$ cat query29.txt   # compact mmCIF, C-alpha atoms
# COMPACT_ATOMS: atom_id res chain seq x y z
CA MET A 159 3.44 -41.41 11.73
CA SER A 160 6.20 -39.48 10.01
CA SER A 161 6.60 -35.79 10.68
CA ALA A 162 6.36 -33.13 7.97
CA VAL A 163 9.45 -31.14 7.11
CA ARG A 164 9.52 -28.00 4.97
CA ASP A 165 12.55 -28.35 2.68
CA HIS A 166 12.44 -24.88 1.14
CA THR A 167 10.63 -21.59 0.95
CA GLY A 168 10.50 -19.45 -2.18
CA ILE A 169 10.65 -15.66 -2.20
CA GLU A 170 10.81 -13.10 -4.97
CA VAL A 171 13.49 -10.42 -4.69
CA SER A 172 14.59 -7.55 -6.92
CA ASP A 173 18.19 -8.86 -7.18
CA PRO A 174 18.63 -12.63 -6.56
CA ASP A 175 22.44 -12.46 -6.83
CA HIS A 176 22.69 -9.75 -4.16
CA ALA A 177 20.19 -11.55 -1.90
CA ALA A 178 22.09 -14.83 -2.26
CA ARG A 179 25.44 -13.20 -1.42
CA THR A 180 23.92 -11.45 1.60
CA LEU A 181 22.25 -14.60 2.98
CA CYS A 182 25.42 -16.67 2.47
CA GLU A 183 27.50 -14.05 4.27
CA LEU A 184 25.02 -13.63 7.14
CA PHE A 185 24.33 -17.31 7.82
CA GLY A 186 27.32 -19.14 6.37
CA TRP A 187 25.04 -20.80 3.78
CA GLN A 188 26.06 -22.10 0.38
CA VAL A 189 24.55 -21.67 -3.07
CA ARG A 190 22.90 -25.04 -3.75
CA SER A 191 21.85 -24.44 -7.35
CA THR A 192 21.28 -21.78 -10.00
CA GLU A 193 18.70 -22.33 -12.74
CA PRO A 194 17.09 -20.26 -15.50
CA THR A 195 13.41 -19.32 -15.06
CA MET A 196 10.66 -19.25 -17.67
CA GLU A 197 10.65 -15.43 -17.39
CA GLY A 198 14.26 -15.25 -18.62
CA SER A 199 15.90 -14.54 -15.25
CA ARG A 200 17.49 -16.97 -12.79
CA SER A 201 16.49 -18.67 -9.59
CA ILE A 202 19.09 -19.33 -6.92
CA GLN A 203 18.77 -21.82 -4.06
CA VAL A 204 20.80 -20.94 -0.96
CA GLY A 205 20.89 -22.72 2.38
CA THR A 206 22.08 -25.85 4.12
CA GLU A 207 21.91 -29.50 3.05
CA GLU A 208 18.59 -29.88 4.91
CA THR A 209 16.73 -26.73 3.89
CA CYS A 210 17.00 -23.76 1.59
CA ILE A 211 15.46 -20.57 0.28
CA LEU A 212 14.66 -20.30 -3.42
CA LEU A 213 15.32 -16.73 -4.61
CA ARG A 214 13.60 -15.63 -7.81
CA GLN A 215 13.63 -12.25 -9.49
CA ALA A 216 10.37 -10.43 -8.77
CA VAL A 217 8.04 -9.98 -11.71
CA THR A 218 5.99 -6.80 -11.72
CA VAL A 219 2.34 -6.81 -12.74
CA ASP A 220 -0.35 -4.21 -13.12
CA PRO A 221 -1.84 -3.33 -9.73
CA VAL A 222 -5.07 -5.05 -8.71
CA PRO A 223 -7.99 -2.67 -8.13
CA SER A 224 -8.30 -2.13 -4.36
CA GLU A 225 -12.07 -2.70 -4.41
CA GLU A 226 -11.55 -6.39 -5.25
CA LEU A 227 -11.23 -8.87 -2.41
CA THR A 228 -7.81 -10.29 -3.13
CA LEU A 229 -4.53 -11.30 -1.55
CA VAL A 230 -2.48 -10.75 -4.72
CA LYS A 231 0.12 -8.06 -4.08
CA LYS A 232 3.55 -7.52 -5.65
CA ARG A 233 6.35 -5.95 -3.64
CA GLY A 234 10.14 -6.11 -3.83
CA VAL A 235 10.13 -9.24 -1.66
CA ALA A 236 7.06 -11.46 -1.75
CA LEU A 237 6.13 -14.92 -0.59
CA ASN A 238 5.96 -17.07 -3.72
CA HIS A 239 4.78 -20.40 -2.35
CA VAL A 240 4.29 -22.39 0.80
CA GLY A 241 4.22 -26.13 1.41
CA ILE A 242 1.50 -27.21 3.84
CA PRO A 243 1.32 -30.72 5.31
CA ALA A 244 -2.05 -32.45 4.99
CA ARG A 245 -3.55 -35.86 5.58
CA ASN A 246 -5.59 -35.28 2.39
CA PRO A 247 -3.55 -32.93 0.15
CA GLU A 248 -6.06 -32.74 -2.71
CA ALA A 249 -8.98 -31.87 -0.40
CA LEU A 250 -6.93 -29.19 1.36
CA ALA A 251 -5.84 -27.65 -1.96
CA ALA A 252 -9.52 -27.53 -3.00
CA TRP A 253 -10.38 -25.79 0.32
CA TYR A 254 -7.76 -23.06 -0.26
CA GLY A 255 -8.79 -22.77 -3.90
CA GLY A 256 -12.44 -22.28 -2.96
CA HIS A 257 -11.85 -19.70 -0.24
CA PHE A 258 -9.12 -17.68 -1.97
CA ASN A 259 -10.42 -17.97 -5.55
CA LEU A 260 -7.38 -19.95 -6.73
CA MET A 261 -6.97 -22.45 -9.52
CA VAL A 262 -6.58 -26.02 -8.26
CA GLU A 263 -4.72 -28.94 -9.82
CA GLY A 264 -4.45 -32.00 -7.61
CA ALA A 265 -2.66 -30.98 -4.42
CA PHE A 266 -1.79 -27.48 -5.70
CA ALA A 267 -3.78 -24.25 -5.34
CA TYR A 268 -2.29 -21.32 -7.21
CA GLY A 269 -2.95 -17.79 -8.34
CA ASP A 270 -1.12 -14.81 -9.78
CA GLY A 271 2.42 -15.17 -8.44
CA TRP A 272 1.90 -17.64 -5.61
CA LEU A 273 1.34 -21.31 -4.90
CA ILE A 274 0.05 -23.39 -2.00
CA ALA A 275 1.49 -26.89 -2.30
CA CYS A 276 -0.32 -29.36 -0.05
CA GLU A 277 1.99 -32.23 0.81
CA LEU A 278 1.23 -35.54 2.51
CA GLY A 279 2.09 -35.26 6.20
CA ALA A 280 0.84 -34.40 9.67
CA PRO A 281 -0.42 -30.81 10.16
CA LEU A 282 1.92 -28.40 11.97
CA THR A 283 -0.10 -28.15 15.17
CA GLU A 284 2.65 -28.99 17.68
CA MET A 285 4.28 -25.55 17.52
CA PRO A 286 3.14 -22.01 16.70
CA ALA A 287 3.98 -22.48 13.00
CA HIS A 288 1.83 -20.49 10.60
CA PHE A 289 2.05 -18.45 7.44
CA GLY A 290 0.60 -15.02 6.80
CA PHE A 291 -0.86 -12.87 4.05
CA MET A 292 -0.10 -9.15 4.43
CA LEU A 293 -2.70 -6.69 3.15
CA ASP A 294 -2.40 -2.99 2.37
CA ASN A 295 -4.97 -1.68 4.85
CA ARG A 296 -7.08 -2.54 7.87
CA ALA A 297 -10.38 -2.39 5.90
CA GLU A 298 -9.24 -5.40 3.81
CA VAL A 299 -8.58 -7.39 7.01
CA ASP A 300 -12.11 -6.52 8.18
CA ARG A 301 -13.55 -7.72 4.86
CA TRP A 302 -11.70 -11.04 5.13
CA LYS A 303 -12.88 -11.43 8.74
CA ALA A 304 -16.48 -10.88 7.63
CA TYR A 305 -16.00 -13.42 4.84
CA PHE A 306 -14.65 -16.15 7.15
CA ASP A 307 -17.29 -15.35 9.80
CA ALA A 308 -19.97 -15.88 7.12
CA GLN A 309 -18.36 -19.25 6.25
CA ASP A 310 -18.59 -20.31 9.95
CA ILE A 311 -14.80 -20.58 10.16
CA ALA A 312 -13.48 -19.63 13.61
CA VAL A 313 -11.54 -16.35 13.47
CA ASP A 314 -9.21 -15.17 16.22
CA ALA A 315 -8.74 -11.38 15.92
CA GLN A 316 -5.50 -10.07 17.44
CA ARG A 317 -3.40 -6.88 17.56
CA TYR A 318 -6.47 -4.65 17.92
CA GLY A 319 -8.07 -6.28 14.88
CA ASN A 320 -5.09 -5.71 12.57
CA ALA A 321 -4.55 -9.49 12.36
CA ILE A 322 -6.87 -12.47 12.12
CA PHE A 323 -5.87 -16.10 12.53
CA MET A 324 -7.75 -19.12 11.21
CA ASN A 325 -7.10 -22.84 10.91
CA ASP A 326 -7.59 -24.74 7.68
CA PRO A 327 -9.52 -28.04 7.82
CA GLU A 328 -6.29 -29.95 8.59
CA GLY A 329 -5.47 -27.71 11.59
CA ASN A 330 -2.68 -25.62 9.99
CA SER A 331 -2.78 -22.00 11.17
CA PHE A 332 -2.68 -19.01 8.83
CA GLU A 333 -2.89 -15.27 9.35
CA ILE A 334 -4.28 -12.36 7.36
CA PHE A 335 -2.95 -9.05 8.62
CA PHE A 336 -2.26 -5.38 8.08
CA ASP A 337 0.96 -4.04 9.58
CA PRO A 338 0.75 -0.28 10.10
CA THR A 339 4.53 -0.19 10.70
CA ARG A 340 5.19 -2.18 7.46
CA PHE A 341 8.73 -3.54 7.79
CA VAL A 342 10.41 -4.10 4.42
CA ALA A 343 13.35 -6.50 4.33
CA PRO A 344 16.60 -4.86 3.13
CA LEU A 345 17.52 -7.64 0.63
$ encode --input "query29.txt" --output "structure tokens"
Amino acid sequence: MSSAVRDHTGIEVSDPDHAARTLCELFGWQVRSTEPTMEGSRSIQVGTEETCILLRQAVTVDPVPSEELTLVKKRGVALNHVGIPARNPEALAAWYGGHFNLMVEGAFAYGDGWLIACELGAPLTEMPAHFGFMLDNRAEVDRWKAYFDAQDIAVDAQRYGNAIFMNDPEGNSFEIFFDPTRFVAPL
């Protein structure tokens, strides 16, 4: 069985050119490509030959009412998409779409500003790999915990309840958390 490899991660930043220069200086990376986006800005891929980060200019949207159960948040730097290995990519995309109220097309589940791309491969269960959704307050974490408890999905609460970890049906781990210290990357 072949192993899954994540070839890139996409993030939204306020200034892609500055972020690209900073990452290249810090890590000795190279700019791999620069392309226009549909929004009229540019995306820049920086990294090595094996892997890269796709930097896109952040798009601001009207805030989502806090009373809605949602993971959609816009900040200066935001996770844009994640590739998740799956034995059955279409079924896993449907699972994420159903639980997070996302649109689903084939192996893709997507919403306002983010994408979960399910790709054929073995789940990342051999190491502590996971991805996380950061929320604005602890009450939202509690609401998501109650939701997953009601769905009979095992929830592991950590950090005094400020973080919950679950596994999707393929065994990939994900986290929903509130960080009271809220670190913001300087890029």
$ residues_around --input "query29.txt" --residues "A:Arg245" --least-positions-apart "3" --cutoff "10 Å" --atoms "all atoms listed in the file" --output "mmCIF file with C-alpha atoms, in the coordinates of the input"
data_model
loop_
_atom_site.group_PDB
_atom_site.id
_atom_site.type_symbol
_atom_site.label_atom_id
_atom_site.label_comp_id
_atom_site.auth_asym_id
_atom_site.auth_seq_id
_atom_site.Cartn_x
_atom_site.Cartn_y
_atom_site.Cartn_z
ATOM 1 C CA GLU A 248 -6.060 -32.740 -2.710
ATOM 2 C CA ALA A 249 -8.980 -31.870 -0.400
ATOM 3 C CA LEU A 250 -6.930 -29.190 1.360
ATOM 4 C CA CYS A 276 -0.320 -29.360 -0.050
ATOM 5 C CA GLU A 277 1.990 -32.230 0.810
ATOM 6 C CA LEU A 278 1.230 -35.540 2.510
ATOM 7 C CA GLY A 279 2.090 -35.260 6.200
ATOM 8 C CA ALA A 280 0.840 -34.400 9.670
ATOM 9 C CA PRO A 281 -0.420 -30.810 10.160
ATOM 10 C CA GLU A 328 -6.290 -29.950 8.590
#
$ atom_distance --input "query29.txt" --atom1 "atom CA of A:Ser201" --atom2 "atom CA of A:Glu333"
27.3 Å
$ residues_around --input "query29.txt" --residues "A:Asp175" --least-positions-apart "6" --cutoff "9 Å" --atoms "only C-alpha atoms" --output "list in words"
Arg200, Ile202 and Leu213 of chain A
$ closest_residue --input "query29.txt" --among "A:Gly168, A:Gly329, A:Pro338, A:Gly269" --to "A:Leu293" --atoms "all atoms listed in the file"
A:Pro338
$ closest_residue --input "query29.txt" --among "A:Leu181, A:Met292, A:Gln316, A:Pro327" --to "A:Cys210" --atoms "all atoms listed in the file"
A:Leu181
$ closest_residue --input "query29.txt" --among "A:Glu170, A:Asp337, A:Glu183, A:Glu298" --to "A:Trp272" --atoms "all atoms listed in the file"
A:Glu170
$ closest_residue --input "query29.txt" --among "A:Tyr318, A:Trp187, A:Asp307, A:Asp326" --to "A:Gly255" --atoms "all atoms listed in the file"
A:Asp326
$ closest_residue --input "query29.txt" --among "A:Asn330, A:Gln215, A:Asn320, A:Gln188" --to "A:Pro243" --atoms "only C-alpha atoms"
A:Asn330
$ atom_distance --input "query29.txt" --atom1 "atom CA of A:Ala177" --atom2 "atom CA of A:Gly241"
21.9 Å
$ closest_residue --input "query29.txt" --among "A:Phe266, A:Phe289, A:Phe336, A:Tyr305" --to "A:Ala244" --atoms "only C-alpha atoms"
A:Phe266
$ build_atoms --input "query29.txt" --residues "stretch 172-183 of chain A" --atoms "all heavy atoms" --output "JSON list (two decimals), in the frame of the given file"
[["chain", "number", "residue", "atom", "x", "y", "z"],
["A", 172, "SER", "N", 14.24, -8.37, -5.77],
["A", 172, "SER", "CA", 14.59, -7.55, -6.92],
["A", 172, "SER", "C", 15.94, -7.96, -7.52],
["A", 172, "SER", "O", 16.15, -7.82, -8.71],
["A", 172, "SER", "CB", 14.58, -6.07, -6.55],
["A", 172, "SER", "OG", 15.49, -5.84, -5.49],
["A", 173, "ASP", "N", 16.86, -8.48, -6.70],
["A", 173, "ASP", "CA", 18.19, -8.86, -7.18],
["A", 173, "ASP", "C", 18.60, -10.19, -6.52],
["A", 173, "ASP", "O", 19.17, -10.20, -5.43],
["A", 173, "ASP", "CB", 19.20, -7.76, -6.85],
["A", 173, "ASP", "CG", 20.59, -8.03, -7.39],
["A", 173, "ASP", "OD1", 20.87, -9.16, -7.84],
["A", 173, "ASP", "OD2", 21.40, -7.09, -7.37],
["A", 174, "PRO", "N", 18.31, -11.34, -7.18],
["A", 174, "PRO", "CA", 18.63, -12.63, -6.56],
["A", 174, "PRO", "C", 20.10, -12.81, -6.24],
["A", 174, "PRO", "O", 20.44, -13.41, -5.22],
["A", 174, "PRO", "CB", 18.18, -13.65, -7.62],
["A", 174, "PRO", "CG", 17.19, -12.93, -8.47],
["A", 174, "PRO", "CD", 17.62, -11.49, -8.45],
["A", 175, "ASP", "N", 21.01, -12.30, -7.09],
["A", 175, "ASP", "CA", 22.44, -12.46, -6.83],
["A", 175, "ASP", "C", 22.84, -11.75, -5.54],
["A", 175, "ASP", "O", 23.56, -12.31, -4.70],
["A", 175, "ASP", "CB", 23.26, -11.94, -8.01],
["A", 175, "ASP", "CG", 23.07, -12.79, -9.25],
["A", 175, "ASP", "OD1", 23.30, -14.01, -9.16],
["A", 175, "ASP", "OD2", 22.69, -12.24, -10.29],
["A", 176, "HIS", "N", 22.38, -10.51, -5.37],
["A", 176, "HIS", "CA", 22.69, -9.75, -4.16],
["A", 176, "HIS", "C", 22.09, -10.43, -2.93],
["A", 176, "HIS", "O", 22.76, -10.57, -1.90],
["A", 176, "HIS", "CB", 22.17, -8.32, -4.28],
["A", 176, "HIS", "CG", 22.33, -7.52, -3.03],
["A", 176, "HIS", "ND1", 23.55, -7.09, -2.57],
["A", 176, "HIS", "CD2", 21.41, -7.10, -2.12],
["A", 176, "HIS", "CE1", 23.38, -6.43, -1.43],
["A", 176, "HIS", "NE2", 22.10, -6.42, -1.14],
["A", 177, "ALA", "N", 20.84, -10.87, -3.03],
["A", 177, "ALA", "CA", 20.19, -11.55, -1.90],
["A", 177, "ALA", "C", 20.92, -12.82, -1.53],
["A", 177, "ALA", "O", 21.14, -13.11, -0.34],
["A", 177, "ALA", "CB", 18.72, -11.84, -2.23],
["A", 178, "ALA", "N", 21.36, -13.59, -2.53],
["A", 178, "ALA", "CA", 22.09, -14.83, -2.26],
["A", 178, "ALA", "C", 23.42, -14.54, -1.56],
["A", 178, "ALA", "O", 23.75, -15.20, -0.56],
["A", 178, "ALA", "CB", 22.33, -15.59, -3.57],
["A", 179, "ARG", "N", 24.17, -13.57, -2.07],
["A", 179, "ARG", "CA", 25.44, -13.20, -1.42],
["A", 179, "ARG", "C", 25.21, -12.78, 0.03],
["A", 179, "ARG", "O", 25.94, -13.19, 0.94],
["A", 179, "ARG", "CB", 26.13, -12.08, -2.19],
["A", 179, "ARG", "CG", 26.87, -12.51, -3.43],
["A", 179, "ARG", "CD", 27.76, -11.41, -3.99],
["A", 179, "ARG", "NE", 27.06, -10.15, -4.20],
["A", 179, "ARG", "CZ", 26.37, -9.84, -5.30],
["A", 179, "ARG", "NH1", 26.29, -10.72, -6.28],
["A", 179, "ARG", "NH2", 25.78, -8.68, -5.42],
["A", 180, "THR", "N", 24.20, -11.96, 0.25],
["A", 180, "THR", "CA", 23.92, -11.45, 1.60],
["A", 180, "THR", "C", 23.55, -12.60, 2.55],
["A", 180, "THR", "O", 24.07, -12.68, 3.66],
["A", 180, "THR", "CB", 22.79, -10.41, 1.55],
["A", 180, "THR", "OG1", 23.18, -9.35, 0.69],
["A", 180, "THR", "CG2", 22.48, -9.87, 2.94],
["A", 181, "LEU", "N", 22.66, -13.49, 2.12],
["A", 181, "LEU", "CA", 22.25, -14.60, 2.98],
["A", 181, "LEU", "C", 23.42, -15.55, 3.26],
["A", 181, "LEU", "O", 23.56, -16.03, 4.39],
["A", 181, "LEU", "CB", 21.08, -15.36, 2.34],
["A", 181, "LEU", "CG", 19.77, -14.59, 2.30],
["A", 181, "LEU", "CD1", 18.75, -15.31, 1.43],
["A", 181, "LEU", "CD2", 19.22, -14.38, 3.71],
["A", 182, "CYS", "N", 24.25, -15.81, 2.26],
["A", 182, "CYS", "CA", 25.42, -16.67, 2.47],
["A", 182, "CYS", "C", 26.40, -16.05, 3.46],
["A", 182, "CYS", "O", 26.92, -16.74, 4.34],
["A", 182, "CYS", "CB", 26.10, -16.98, 1.14],
["A", 182, "CYS", "SG", 25.15, -18.10, 0.08],
["A", 183, "GLU", "N", 26.61, -14.73, 3.35],
["A", 183, "GLU", "CA", 27.50, -14.05, 4.27],
["A", 183, "GLU", "C", 26.94, -14.03, 5.69],
["A", 183, "GLU", "O", 27.65, -14.25, 6.67],
["A", 183, "GLU", "CB", 27.76, -12.62, 3.80],
["A", 183, "GLU", "CG", 28.64, -12.53, 2.58],
["A", 183, "GLU", "CD", 28.74, -11.10, 2.04],
["A", 183, "GLU", "OE1", 28.36, -10.15, 2.75],
["A", 183, "GLU", "OE2", 29.19, -10.95, 0.89]]
